[in-house]
$ cat final.tsv   # TSV, C-alpha atoms
chain	number	residue	atom	x	y	z
S	1	MET	CA	-109.02	-77.78	-169.52
S	2	SER	CA	-110.76	-76.00	-172.41
S	3	SER	CA	-110.18	-72.27	-172.55
S	4	GLU	CA	-113.87	-71.65	-171.84
S	5	ARG	CA	-113.86	-73.86	-168.76
S	6	ARG	CA	-110.61	-72.27	-167.66
S	7	LEU	CA	-112.09	-68.79	-167.88
S	8	ALA	CA	-115.16	-69.90	-165.92
S	9	LYS	CA	-112.86	-71.35	-163.28
S	10	LEU	CA	-110.79	-68.14	-163.10
S	11	GLU	CA	-113.95	-66.07	-162.75
S	12	SER	CA	-115.34	-68.27	-160.00
S	13	VAL	CA	-112.07	-68.18	-158.06
S	14	ILE	CA	-111.79	-64.40	-158.41
S	15	ARG	CA	-115.37	-63.94	-157.24
S	16	HIS	CA	-114.55	-65.97	-154.11
S	17	ARG	CA	-111.30	-64.14	-153.32
S	18	GLN	CA	-111.21	-62.47	-149.91
S	19	PRO	CA	-109.09	-59.31	-150.29
S	20	ASP	CA	-109.65	-58.47	-146.63
S	21	LEU	CA	-107.86	-61.59	-145.38
S	22	THR	CA	-104.10	-62.05	-145.49
S	23	VAL	CA	-101.17	-63.74	-143.77
S	24	ILE	CA	-97.73	-62.44	-142.83
S	25	LEU	CA	-94.89	-64.94	-143.21
S	26	GLU	CA	-91.93	-63.99	-141.04
S	27	ASN	CA	-88.75	-65.86	-141.95
S	28	ILE	CA	-90.43	-69.23	-142.60
S	29	HIS	CA	-87.61	-71.05	-144.35
S	30	ASP	CA	-88.73	-74.58	-145.24
S	31	PRO	CA	-89.92	-74.74	-148.87
S	32	HIS	CA	-92.41	-77.53	-148.05
S	33	ASN	CA	-93.97	-75.35	-145.39
S	34	VAL	CA	-94.13	-72.28	-147.60
S	35	SER	CA	-95.63	-74.32	-150.47
S	36	ALA	CA	-98.27	-75.83	-148.19
S	37	ILE	CA	-99.07	-72.38	-146.77
S	38	LEU	CA	-99.51	-70.86	-150.24
S	39	ARG	CA	-101.73	-73.80	-151.20
S	40	SER	CA	-103.91	-73.14	-148.14
S	41	CYS	CA	-103.97	-69.41	-148.93
S	42	ASP	CA	-105.18	-70.13	-152.46
S	43	ALA	CA	-107.83	-72.52	-151.11
S	44	VAL	CA	-109.34	-70.01	-148.68
S	45	GLY	CA	-109.23	-67.12	-151.15
S	46	ILE	CA	-106.23	-65.05	-150.05
S	47	MET	CA	-105.10	-62.73	-152.85
S	48	GLU	CA	-101.73	-61.65	-151.50
S	49	VAL	CA	-99.38	-62.71	-148.71
S	50	GLN	CA	-97.02	-60.39	-146.84
S	51	LEU	CA	-93.37	-61.47	-146.64
S	52	VAL	CA	-90.98	-60.32	-143.93
S	53	TYR	CA	-87.64	-62.07	-144.50
S	54	THR	CA	-85.00	-60.40	-142.35
S	55	THR	CA	-82.92	-63.34	-141.09
S	56	GLU	CA	-83.75	-65.96	-143.75
S	57	GLU	CA	-84.04	-66.00	-147.53
S	58	PHE	CA	-87.47	-66.71	-148.97
S	59	PRO	CA	-87.09	-70.36	-150.01
S	60	LYS	CA	-86.89	-71.59	-153.59
S	61	LEU	CA	-90.13	-73.48	-154.22
S	62	GLY	CA	-90.19	-76.68	-156.24
S	63	LYS	CA	-92.21	-77.12	-159.39
S	64	LYS	CA	-94.57	-79.70	-157.93
S	65	SER	CA	-98.28	-79.00	-158.12
S	66	SER	CA	-98.31	-78.07	-154.47
S	67	ALA	CA	-95.96	-75.19	-155.27
S	68	SER	CA	-97.96	-73.83	-158.15
S	69	ALA	CA	-100.22	-71.99	-155.71
S	70	LYS	CA	-97.50	-69.31	-155.86
S	71	LYS	CA	-98.89	-68.46	-159.30
S	72	TRP	CA	-102.30	-67.63	-157.88
S	73	VAL	CA	-101.34	-65.89	-154.65
S	74	ASP	CA	-99.50	-62.58	-154.99
S	75	HIS	CA	-96.89	-61.47	-152.49
S	76	ARG	CA	-95.54	-58.21	-151.14
S	77	ASN	CA	-92.04	-57.88	-149.68
S	78	PHE	CA	-91.18	-55.79	-146.64
S	79	GLU	CA	-87.83	-54.68	-145.23
S	80	GLY	CA	-88.93	-55.40	-141.67
S	81	VAL	CA	-91.75	-56.12	-139.26
S	82	SER	CA	-92.41	-52.50	-138.43
S	83	GLU	CA	-92.73	-51.44	-142.09
S	84	CYS	CA	-95.09	-54.36	-142.77
S	85	PHE	CA	-97.34	-53.81	-139.77
S	86	THR	CA	-97.51	-50.04	-140.33
S	87	LYS	CA	-98.57	-50.60	-143.93
S	88	LEU	CA	-101.23	-53.15	-142.95
S	89	HIS	CA	-102.53	-50.93	-140.15
S	90	ASN	CA	-102.76	-48.00	-142.58
S	91	GLU	CA	-104.77	-50.24	-144.91
S	92	GLY	CA	-107.19	-51.01	-142.09
S	93	TYR	CA	-106.10	-54.51	-141.14
S	94	VAL	CA	-106.26	-55.85	-137.61
S	95	VAL	CA	-103.07	-57.89	-137.13
S	96	TYR	CA	-102.91	-60.99	-134.95
S	97	ALA	CA	-99.71	-62.93	-134.26
S	98	THR	CA	-99.32	-66.55	-133.20
S	99	HIS	CA	-97.40	-65.93	-130.02
S	100	LEU	CA	-97.52	-67.81	-126.75
S	101	GLY	CA	-97.44	-64.74	-124.56
S	102	LYS	CA	-99.37	-63.72	-121.51
S	103	ARG	CA	-102.21	-62.05	-123.31
S	104	THR	CA	-103.13	-64.71	-125.81
S	105	THR	CA	-106.61	-65.33	-127.20
S	106	PRO	CA	-107.78	-68.78	-128.37
S	107	LEU	CA	-108.13	-68.85	-132.17
S	108	TYR	CA	-111.84	-69.63	-131.95
S	109	GLU	CA	-112.53	-66.39	-130.08
S	110	LEU	CA	-111.09	-64.15	-132.82
S	111	ASP	CA	-113.47	-62.43	-135.21
S	112	LEU	CA	-111.97	-63.46	-138.54
S	113	THR	CA	-114.71	-61.87	-140.60
S	114	LYS	CA	-113.00	-58.50	-140.02
S	115	LYS	CA	-110.26	-57.15	-142.29
S	116	VAL	CA	-107.56	-59.27	-140.72
S	117	ALA	CA	-103.92	-60.29	-141.12
S	118	LEU	CA	-102.49	-63.34	-139.31
S	119	ALA	CA	-98.73	-63.50	-138.67
S	120	PHE	CA	-96.80	-66.79	-138.58
S	121	GLY	CA	-93.16	-67.08	-137.65
S	122	ASN	CA	-90.04	-69.07	-138.33
S	123	GLU	CA	-90.14	-72.84	-137.70
S	124	HIS	CA	-87.74	-72.68	-134.76
S	125	ARG	CA	-88.13	-69.23	-133.29
S	126	GLY	CA	-91.82	-68.51	-133.94
S	127	VAL	CA	-92.87	-64.91	-134.56
S	128	SER	CA	-90.42	-62.28	-133.32
S	129	ASP	CA	-91.05	-60.33	-130.12
S	130	GLU	CA	-91.28	-57.24	-132.30
S	131	ALA	CA	-94.13	-58.76	-134.32
S	132	SER	CA	-95.88	-59.92	-131.16
S	133	GLU	CA	-95.63	-56.45	-129.62
S	134	LEU	CA	-96.71	-54.54	-132.73
S	135	ALA	CA	-99.67	-56.87	-133.32
S	136	ASP	CA	-103.14	-55.86	-132.17
S	137	GLY	CA	-103.37	-59.18	-130.38
S	138	ASN	CA	-101.77	-62.59	-130.04
S	139	PHE	CA	-103.61	-65.85	-130.49
S	140	VAL	CA	-103.04	-69.52	-129.91
S	141	ILE	CA	-104.52	-72.69	-131.34
S	142	PRO	CA	-105.77	-74.70	-128.34
S	143	MET	CA	-103.73	-77.89	-127.94
S	144	PHE	CA	-104.02	-80.73	-125.45
S	145	GLY	CA	-101.14	-83.09	-126.23
S	146	MET	CA	-97.61	-83.98	-125.18
S	147	ILE	CA	-96.00	-82.14	-128.11
S	148	GLN	CA	-95.91	-78.38	-127.55
S	149	SER	CA	-96.34	-77.05	-131.05
S	150	LEU	CA	-97.83	-77.70	-134.46
S	151	ASN	CA	-96.04	-77.62	-137.78
S	152	VAL	CA	-96.29	-74.00	-139.02
S	153	SER	CA	-98.10	-74.94	-142.24
S	154	VAL	CA	-100.61	-76.91	-140.18
S	155	ALA	CA	-101.08	-73.99	-137.76
S	156	CYS	CA	-101.61	-71.62	-140.67
S	157	ALA	CA	-104.17	-73.92	-142.33
S	158	VAL	CA	-106.11	-74.47	-139.10
S	159	SER	CA	-106.29	-70.69	-138.59
S	160	LEU	CA	-107.27	-69.93	-142.19
S	161	PHE	CA	-110.01	-72.56	-142.27
S	162	GLU	CA	-111.44	-71.17	-139.07
S	163	ALA	CA	-111.68	-67.93	-141.06
S	164	VAL	CA	-113.44	-69.91	-143.83
S	165	ARG	CA	-115.92	-71.33	-141.33
S	166	GLN	CA	-116.72	-67.90	-139.91
S	167	ARG	CA	-116.86	-66.24	-143.32
S	168	MET	CA	-119.12	-68.94	-144.81
S	169	LEU	CA	-121.53	-68.41	-141.90
S	170	ALA	CA	-121.40	-64.67	-142.58
S	171	GLY	CA	-122.13	-65.22	-146.29
S	172	ARG	CA	-118.80	-63.77	-147.31
S	173	TYR	CA	-118.24	-66.30	-150.10
S	174	ASP	CA	-121.72	-65.70	-151.53
S	175	THR	CA	-121.01	-62.24	-152.93
S	176	ALA	CA	-117.89	-61.12	-154.79
S	177	SER	CA	-115.64	-58.51	-153.23
S	178	PHE	CA	-115.21	-56.92	-156.67
S	179	ASP	CA	-117.63	-55.33	-159.11
S	180	ASP	CA	-117.97	-56.82	-162.61
S	181	LYS	CA	-115.43	-54.41	-164.10
S	182	GLU	CA	-112.81	-55.34	-161.53
S	183	VAL	CA	-113.55	-59.04	-162.03
S	184	ARG	CA	-112.97	-58.69	-165.79
S	185	LYS	CA	-109.75	-56.77	-165.17
S	186	LEU	CA	-108.47	-59.47	-162.82
S	187	MET	CA	-109.49	-62.18	-165.29
S	188	ARG	CA	-107.44	-60.55	-168.04
S	189	LYS	CA	-104.47	-60.36	-165.70
S	190	TRP	CA	-104.83	-63.97	-164.49
S	191	ALA	CA	-105.49	-65.42	-167.95
S	192	THR	CA	-101.87	-64.74	-168.94
S	193	ARG	CA	-100.39	-66.59	-165.95
N	194	MET	CA	-88.38	-81.54	-117.07
N	195	SER	CA	-88.44	-82.65	-113.44
N	196	SER	CA	-90.11	-85.98	-112.85
N	197	GLU	CA	-92.86	-84.28	-110.85
N	198	ARG	CA	-93.59	-81.80	-113.63
N	199	ARG	CA	-93.47	-84.61	-116.17
N	200	LEU	CA	-96.05	-86.63	-114.23
N	201	ALA	CA	-98.30	-83.59	-113.96
N	202	LYS	CA	-97.98	-83.09	-117.71
N	203	LEU	CA	-98.78	-86.77	-118.40
N	204	GLU	CA	-101.83	-86.59	-116.16
N	205	SER	CA	-103.11	-83.41	-117.79
N	206	VAL	CA	-102.67	-84.85	-121.28
N	207	ILE	CA	-104.40	-88.11	-120.32
N	208	ARG	CA	-107.31	-86.21	-118.77
N	209	HIS	CA	-107.75	-84.33	-122.05
N	210	ARG	CA	-107.55	-87.40	-124.28
N	211	GLN	CA	-110.64	-88.01	-126.45
N	212	PRO	CA	-111.01	-91.80	-126.78
N	213	ASP	CA	-114.13	-91.30	-128.91
N	214	LEU	CA	-112.25	-89.51	-131.71
N	215	THR	CA	-109.93	-91.25	-134.14
N	216	VAL	CA	-108.54	-91.13	-137.67
N	217	ILE	CA	-108.04	-93.85	-140.25
N	218	LEU	CA	-104.91	-93.52	-142.39
N	219	GLU	CA	-105.27	-95.41	-145.66
N	220	ASN	CA	-101.96	-95.89	-147.45
N	221	ILE	CA	-100.56	-92.43	-146.70
N	222	HIS	CA	-96.94	-92.93	-147.64
N	223	ASP	CA	-95.01	-89.70	-147.10
N	224	PRO	CA	-93.22	-89.76	-143.72
N	225	HIS	CA	-93.53	-85.96	-143.36
N	226	ASN	CA	-97.27	-86.21	-143.81
N	227	VAL	CA	-97.63	-89.12	-141.37
N	228	SER	CA	-95.46	-87.32	-138.80
N	229	ALA	CA	-97.47	-84.12	-139.12
N	230	ILE	CA	-100.73	-86.09	-138.84
N	231	LEU	CA	-99.58	-87.87	-135.66
N	232	ARG	CA	-98.51	-84.51	-134.23
N	233	SER	CA	-101.99	-83.11	-134.92
N	234	CYS	CA	-103.57	-86.25	-133.42
N	235	ASP	CA	-101.55	-85.81	-130.24
N	236	ALA	CA	-102.49	-82.13	-130.09
N	237	VAL	CA	-106.24	-82.74	-130.31
N	238	GLY	CA	-106.21	-85.69	-127.90
N	239	ILE	CA	-106.48	-88.74	-130.13
N	240	MET	CA	-105.36	-91.87	-128.27
N	241	GLU	CA	-105.04	-94.28	-131.17
N	242	VAL	CA	-104.99	-94.09	-134.97
N	243	GLN	CA	-106.23	-96.81	-137.31
N	244	LEU	CA	-103.83	-97.94	-140.04
N	245	VAL	CA	-104.93	-99.54	-143.30
N	246	TYR	CA	-101.84	-100.14	-145.42
N	247	THR	CA	-102.74	-102.43	-148.29
N	248	THR	CA	-100.81	-100.94	-151.23
N	249	GLU	CA	-98.10	-99.02	-149.37
N	250	GLU	CA	-95.82	-99.67	-146.42
N	251	PHE	CA	-96.31	-97.55	-143.32
N	252	PRO	CA	-93.41	-95.09	-143.68
N	253	LYS	CA	-90.34	-95.04	-141.46
N	254	LEU	CA	-90.61	-91.88	-139.39
N	255	GLY	CA	-87.57	-89.74	-138.61
N	256	LYS	CA	-86.35	-88.98	-135.12
N	257	LYS	CA	-87.11	-85.27	-135.27
N	258	SER	CA	-89.33	-83.81	-132.59
N	259	SER	CA	-92.22	-83.71	-135.02
N	260	ALA	CA	-92.05	-87.49	-135.29
N	261	SER	CA	-92.02	-88.17	-131.58
N	262	ALA	CA	-95.80	-87.83	-131.48
N	263	LYS	CA	-95.74	-91.51	-132.49
N	264	LYS	CA	-94.75	-92.22	-128.90
N	265	TRP	CA	-97.94	-90.67	-127.55
N	266	VAL	CA	-100.46	-91.84	-130.12
N	267	ASP	CA	-101.09	-95.59	-130.26
N	268	HIS	CA	-101.93	-97.34	-133.51
N	269	ARG	CA	-103.90	-100.36	-134.59
N	270	ASN	CA	-103.16	-102.24	-137.83
N	271	PHE	CA	-105.81	-103.68	-140.12
N	272	GLU	CA	-105.56	-106.08	-143.04
N	273	GLY	CA	-108.04	-104.11	-145.10
N	274	VAL	CA	-110.66	-101.40	-145.23
N	275	SER	CA	-113.57	-103.73	-144.56
N	276	GLU	CA	-111.96	-105.24	-141.44
N	277	CYS	CA	-111.17	-101.77	-140.12
N	278	PHE	CA	-114.58	-100.25	-140.74
N	279	THR	CA	-116.41	-103.29	-139.32
N	280	LYS	CA	-114.35	-103.09	-136.15
N	281	LEU	CA	-114.98	-99.36	-135.76
N	282	HIS	CA	-118.68	-99.77	-136.45
N	283	ASN	CA	-118.87	-102.54	-133.84
N	284	GLU	CA	-117.20	-100.17	-131.39
N	285	GLY	CA	-119.87	-97.56	-132.07
N	286	TYR	CA	-117.95	-95.15	-134.28
N	287	VAL	CA	-119.57	-93.17	-137.06
N	288	VAL	CA	-117.07	-93.19	-139.93
N	289	TYR	CA	-116.65	-90.30	-142.36
N	290	ALA	CA	-114.33	-90.36	-145.36
N	291	THR	CA	-112.78	-87.44	-147.23
N	292	HIS	CA	-114.15	-88.24	-150.65
N	293	LEU	CA	-115.26	-85.90	-153.40
N	294	GLY	CA	-118.32	-87.90	-154.34
N	295	LYS	CA	-121.88	-86.94	-155.06
N	296	ARG	CA	-123.17	-87.10	-151.54
N	297	THR	CA	-120.57	-85.07	-149.75
N	298	THR	CA	-121.18	-82.96	-146.66
N	299	PRO	CA	-119.14	-79.85	-145.86
N	300	LEU	CA	-116.84	-80.47	-142.88
N	301	TYR	CA	-118.50	-77.76	-140.82
N	302	GLU	CA	-121.87	-79.52	-140.99
N	303	LEU	CA	-120.60	-82.75	-139.40
N	304	ASP	CA	-121.29	-83.35	-135.73
N	305	LEU	CA	-117.77	-84.13	-134.50
N	306	THR	CA	-118.79	-84.36	-130.85
N	307	LYS	CA	-120.11	-87.86	-131.59
N	308	LYS	CA	-117.96	-91.00	-131.39
N	309	VAL	CA	-116.37	-90.44	-134.75
N	310	ALA	CA	-113.61	-91.74	-137.04
N	311	LEU	CA	-112.32	-89.69	-139.98
N	312	ALA	CA	-110.66	-91.48	-142.91
N	313	PHE	CA	-107.87	-89.90	-144.97
N	314	GLY	CA	-106.36	-91.47	-148.06
N	315	ASN	CA	-103.18	-91.76	-150.03
N	316	GLU	CA	-101.54	-88.55	-151.30
N	317	HIS	CA	-102.25	-89.32	-154.96
N	318	ARG	CA	-105.32	-91.53	-154.95
N	319	GLY	CA	-107.26	-90.21	-151.96
N	320	VAL	CA	-109.42	-92.66	-150.00
N	321	SER	CA	-110.37	-95.81	-151.86
N	322	ASP	CA	-113.83	-96.28	-153.35
N	323	GLU	CA	-114.28	-99.13	-150.88
N	324	ALA	CA	-113.66	-96.81	-147.93
N	325	SER	CA	-115.95	-94.18	-149.38
N	326	GLU	CA	-118.74	-96.73	-149.86
N	327	LEU	CA	-118.38	-98.38	-146.46
N	328	ALA	CA	-118.27	-95.01	-144.67
N	329	ASP	CA	-121.40	-93.62	-143.05
N	330	GLY	CA	-120.82	-90.43	-144.98
N	331	ASN	CA	-118.31	-88.51	-147.04
N	332	PHE	CA	-117.18	-84.99	-146.29
N	333	VAL	CA	-115.24	-82.23	-147.94
N	334	ILE	CA	-113.33	-79.21	-146.69
N	335	PRO	CA	-114.81	-76.23	-148.55
N	336	MET	CA	-112.22	-74.71	-150.90
N	337	PHE	CA	-112.40	-71.71	-153.18
N	338	GLY	CA	-109.06	-71.59	-155.01
N	339	MET	CA	-107.37	-72.61	-158.26
N	340	ILE	CA	-105.65	-75.65	-156.73
N	341	GLN	CA	-108.07	-78.56	-156.31
N	342	SER	CA	-106.77	-80.19	-153.16
N	343	LEU	CA	-105.01	-79.66	-149.87
N	344	ASN	CA	-101.98	-81.49	-148.57
N	345	VAL	CA	-103.33	-84.52	-146.67
N	346	SER	CA	-101.71	-83.52	-143.36
N	347	VAL	CA	-103.26	-80.08	-143.72
N	348	ALA	CA	-106.68	-81.58	-144.52
N	349	CYS	CA	-106.40	-83.86	-141.50
N	350	ALA	CA	-105.43	-81.00	-139.18
N	351	VAL	CA	-108.21	-78.73	-140.42
N	352	SER	CA	-110.73	-81.53	-139.79
N	353	LEU	CA	-109.36	-82.43	-136.36
N	354	PHE	CA	-109.30	-78.84	-135.15
N	355	GLU	CA	-112.89	-78.41	-136.26
N	356	ALA	CA	-113.53	-81.32	-133.88
N	357	VAL	CA	-111.59	-79.42	-131.20
N	358	ARG	CA	-113.71	-76.32	-131.76
N	359	GLN	CA	-116.95	-78.28	-131.48
N	360	ARG	CA	-115.76	-80.33	-128.51
N	361	MET	CA	-114.50	-77.27	-126.61
N	362	LEU	CA	-117.93	-75.67	-127.06
N	363	ALA	CA	-119.51	-78.89	-125.78
N	364	GLY	CA	-117.20	-78.90	-122.72
N	365	ARG	CA	-115.59	-82.15	-123.78
N	366	TYR	CA	-112.10	-81.07	-122.69
N	367	ASP	CA	-113.34	-79.96	-119.27
N	368	THR	CA	-113.98	-83.44	-117.90
N	369	ALA	CA	-111.77	-86.49	-118.28
N	370	SER	CA	-113.02	-89.49	-120.25
N	371	PHE	CA	-111.46	-91.78	-117.63
N	372	ASP	CA	-112.06	-92.29	-113.93
N	373	ASP	CA	-109.17	-91.72	-111.52
N	374	LYS	CA	-108.21	-95.38	-111.47
N	375	GLU	CA	-107.95	-95.51	-115.26
N	376	VAL	CA	-105.98	-92.25	-115.28
N	377	ARG	CA	-103.44	-93.71	-112.83
N	378	LYS	CA	-103.19	-96.90	-114.90
N	379	LEU	CA	-102.53	-94.91	-118.08
N	380	MET	CA	-99.99	-92.74	-116.24
N	381	ARG	CA	-98.03	-95.81	-115.16
N	382	LYS	CA	-98.07	-97.08	-118.74
N	383	TRP	CA	-97.04	-93.71	-120.24
N	384	ALA	CA	-94.36	-92.99	-117.63
N	385	THR	CA	-92.19	-95.76	-119.05
N	386	ARG	CA	-92.29	-94.43	-122.61

$ encode --input "final.tsv" --output "structure tokens"
Amino acid sequence: MSSERRLAKLESVIRHRQPDLTVILENIHDPHNVSAILRSCDAVGIMEVQLVYTTEEFPKLGKKSSASAKKWVDHRNFEGVSECFTKLHNEGYVVYATHLGKRTTPLYELDLTKKVALAFGNEHRGVSDEASELADGNFVIPMFGMIQSLNVSVACAVSLFEAVRQRMLAGRYDTASFDDKEVRKLMRKWATR
Amino acid sequence: MSSERRLAKLESVIRHRQPDLTVILENIHDPHNVSAILRSCDAVGIMEVQLVYTTEEFPKLGKKSSASAKKWVDHRNFEGVSECFTKLHNEGYVVYATHLGKRTTPLYELDLTKKVALAFGNEHRGVSDEASELADGNFVIPMFGMIQSLNVSVACAVSLFEAVRQRMLAGRYDTASFDDKEVRKLMRKWATR
């Protein structure tokens, strides 16, 4: 890609970024899943993901193209669930966790145009009880089959693209979240990646 | 699971099956992707997938739980794209392909409450030109990031759960597509799986 085209691409992507949408990854260990999740995050315009790795190491990602989304999606590390959720709440996020509890809302009934963080848990254990309890609400993707769960990267993508659908309807991809000065600053930062 | 609970589960799943929704898999070779796709198909209520494997073998699926969706989602093999699409058209399906061509509709503008088949292509090559041309339309999942494509199992899930959203709104999961006699027949068939 020519450097001019690359800059135009960077600018367009930055102008579509949604700084008021994020995901929390809690101990998701499979590198394929984490790669696919980061790829979905990049696609929907997430700037930064929140990492809570207390019982697992964050996986080493391969160098395949699907992993290169890591370059374009920043991350923030937390010591634990409580620290992460407190920080996000202080920043004004509403936090929803994918938990199959009693008070669970179907995905399609969430308002994902708000400043919102969606928490996804480990492949085997799901989100922790602590995350479920500290969240502002729990949600579930409606399912009608014999198998009880979706792959976590699939669940994350389905949730994020529901946010895309709602945000497109609300015109949230039509106007940048940053002013021109901030866009230029981000472009300088991204151009060196 | 007790045999009574299992029968109740089978009946519930059968009553939620959507025989007027299907996917076409064209030469998707990665077993993880095919397993994840079948799991999503089961979750949204697809009864049968359409397989067009002309340049690749249908992959051997592992025995992990994620692969067991194969047991609950039937498949039909075709010699080629043309044979498959002709059959589906004769059965009354509208066929959409995921192709980044000139005349491409955003996913969210498709009416997925119709009798509809969605075609997904090989991981590297996407759907063939033949499939794109024979389809009634091509669609794209809106994306706003640096990476140009989604993992195929993610793309399939995002599309199928948009169908779920539309069909839930239309009350399509509230009433079975089969009469009681057909439900009992399917239950007898499924009980032996």

$ closest_residue --input "final.tsv" --among "S:Met168, S:Val52, S:Ala117, S:Val44" --to "His29 (chain S)" --atoms "all atoms listed in the file"
S:Val52

$ atom_distance --input "final.tsv" --atom1 "CA of Glu249 (chain N)" --atom2 "CA of Asp223 (chain N)"
10.1 Å

$ residues_around --input "final.tsv" --residues "Glu272 (chain N)" --least-positions-apart "3" --cutoff "8 Å" --atoms "only C-alpha atoms" --output "list in words"
Val245, Tyr246, Thr247, Glu276 and Cys277 of chain N

$ atom_distance --input "final.tsv" --atom1 "CA of Gly121 (chain S)" --atom2 "CA of Asn151 (chain S)"
10.9 Å

$ closest_atom_pairs --input "final.tsv" --of "chain N" --to "chain S" --cutoff "9 Å" --atoms "only C-alpha atoms" --output "CSV"
residue,atom,partner,partner_atom,distance
N:Lys202,CA,S:Met146,CA,7.5
N:Leu203,CA,S:Met146,CA,7.4
N:Ser205,CA,S:Phe144,CA,8.2
N:Val206,CA,S:Gly145,CA,5.5
N:Ile207,CA,S:Gly145,CA,8.4
N:His209,CA,S:Phe144,CA,6.2
N:Arg210,CA,S:Phe144,CA,7.6
N:Ala229,CA,S:Asn151,CA,6.8
N:Arg232,CA,S:Leu150,CA,6.8
N:Ser233,CA,S:Leu150,CA,6.8
N:Cys234,CA,S:Gly145,CA,8.2
N:Asp235,CA,S:Gly145,CA,4.9
N:Ala236,CA,S:Gly145,CA,4.2
N:Val237,CA,S:Phe144,CA,5.7
N:Gly238,CA,S:Gly145,CA,5.9
N:Ile239,CA,S:Gly145,CA,8.7
N:Ser258,CA,S:Ile147,CA,8.2
N:Ser259,CA,S:Asn151,CA,7.7
N:Ser261,CA,S:Ile147,CA,8.0
N:Ala262,CA,S:Ile147,CA,6.6
N:Trp265,CA,S:Met146,CA,7.1
N:Tyr301,CA,S:Arg165,CA,6.9
N:Ile334,CA,S:Phe161,CA,8.6
N:Pro335,CA,S:Val164,CA,8.0
N:Met336,CA,S:Ala43,CA,4.9
N:Phe337,CA,S:Ala43,CA,5.1
N:Gly338,CA,S:Ala43,CA,4.2
N:Met339,CA,S:Val13,CA,6.5
N:Ile340,CA,S:Ala69,CA,6.6
N:Gln341,CA,S:Ala43,CA,8.0
N:Ser342,CA,S:Ala43,CA,8.0
N:Leu343,CA,S:Ser40,CA,6.8
N:Asn344,CA,S:Ala36,CA,6.8
N:Ser346,CA,S:Val154,CA,7.4
N:Val347,CA,S:Val154,CA,5.4
N:Ala348,CA,S:Ala157,CA,8.4
N:Ala350,CA,S:Val154,CA,6.4
N:Val351,CA,S:Val158,CA,4.9
N:Ser352,CA,S:Val158,CA,8.5
N:Phe354,CA,S:Val158,CA,6.7
N:Glu355,CA,S:Glu162,CA,7.9
N:Val357,CA,S:Pro142,CA,8.0
N:Arg358,CA,S:Tyr108,CA,6.9
N:Tyr366,CA,S:Phe144,CA,8.5

$ atom_distance --input "final.tsv" --atom1 "CA of Ala170 (chain S)" --atom2 "CA of Thr113 (chain S)"
7.5 Å

$ residues_near_point --input "final.tsv" --point "(-104.0, -93.1, -152.2)" --cutoff "9 Å" --atoms "only C-alpha atoms" --output "VMD selection string"
chain N and resid 219 to 222 248 to 249 313 to 321

$ residues_around --input "final.tsv" --residues "Gly101 (chain S)" --least-positions-apart "2" --cutoff "9 Å" --atoms "all atoms listed in the file" --output "ChimeraX atom specification"
/S:99,103-104,132,138-139

$ closest_residue --input "final.tsv" --among "S:Lys189, S:Tyr96, S:Ser2, S:Pro19" --to "Arg172 (chain S)" --atoms "only C-alpha atoms"
S:Pro19

$ residues_around --input "final.tsv" --residues "Arg76 (chain S)" --least-positions-apart "2" --cutoff "10 Å" --atoms "all atoms listed in the file" --output "list in words"
Ile24, Glu48, Val49, Gln50, Leu51, Val52, Asp74, Phe78 and Cys84 of chain S

$ closest_residue --input "final.tsv" --among "S:Leu134, S:Val152, S:Thr98, S:Lys185" --to "Thr86 (chain S)" --atoms "all atoms listed in the file"
S:Leu134

$ closest_residue --input "final.tsv" --among "S:Gly80, S:Gly92, S:Pro31, S:Gly137" --to "Gly62 (chain S)" --atoms "only C-alpha atoms"
S:Pro31

$ decode --input "final.tsv" --residues "region 133-141 of chain S" --atoms "N, CA and C atoms" --output "PDB file, in the first residue's frame"
ATOM      1  N   GLU S 133     -21.302 -10.539  39.558  1.00  0.00           N
ATOM      2  CA  GLU S 133     -21.918  -9.758  40.636  1.00  0.00           C
ATOM      3  C   GLU S 133     -21.574  -8.271  40.549  1.00  0.00           C
ATOM      4  N   LEU S 134     -20.352  -7.960  40.140  1.00  0.00           N
ATOM      5  CA  LEU S 134     -19.940  -6.555  40.063  1.00  0.00           C
ATOM      6  C   LEU S 134     -20.468  -5.858  38.806  1.00  0.00           C
ATOM      7  N   ALA S 135     -20.933  -6.654  37.831  1.00  0.00           N
ATOM      8  CA  ALA S 135     -21.446  -6.062  36.591  1.00  0.00           C
ATOM      9  C   ALA S 135     -22.771  -5.348  36.852  1.00  0.00           C
ATOM     10  N   ASP S 136     -23.077  -4.394  35.986  1.00  0.00           N
ATOM     11  CA  ASP S 136     -24.364  -3.694  36.097  1.00  0.00           C
ATOM     12  C   ASP S 136     -25.505  -4.576  35.605  1.00  0.00           C
ATOM     13  N   GLY S 137     -25.166  -5.601  34.850  1.00  0.00           N
ATOM     14  CA  GLY S 137     -26.190  -6.518  34.375  1.00  0.00           C
ATOM     15  C   GLY S 137     -25.527  -7.697  33.696  1.00  0.00           C
ATOM     16  N   ASN S 138     -26.274  -8.781  33.561  1.00  0.00           N
ATOM     17  CA  ASN S 138     -25.776  -9.951  32.846  1.00  0.00           C
ATOM     18  C   ASN S 138     -26.642 -10.145  31.620  1.00  0.00           C
ATOM     19  N   PHE S 139     -26.003 -10.634  30.546  1.00  0.00           N
ATOM     20  CA  PHE S 139     -26.784 -10.837  29.327  1.00  0.00           C
ATOM     21  C   PHE S 139     -26.478 -12.195  28.724  1.00  0.00           C
ATOM     22  N   VAL S 140     -27.367 -12.610  27.845  1.00  0.00           N
ATOM     23  CA  VAL S 140     -27.209 -13.905  27.202  1.00  0.00           C
ATOM     24  C   VAL S 140     -27.572 -13.766  25.728  1.00  0.00           C
ATOM     25  N   ILE S 141     -26.864 -14.494  24.892  1.00  0.00           N
ATOM     26  CA  ILE S 141     -27.218 -14.570  23.476  1.00  0.00           C
ATOM     27  C   ILE S 141     -28.278 -15.666  23.341  1.00  0.00           C
TER      28      ILE S 141
END
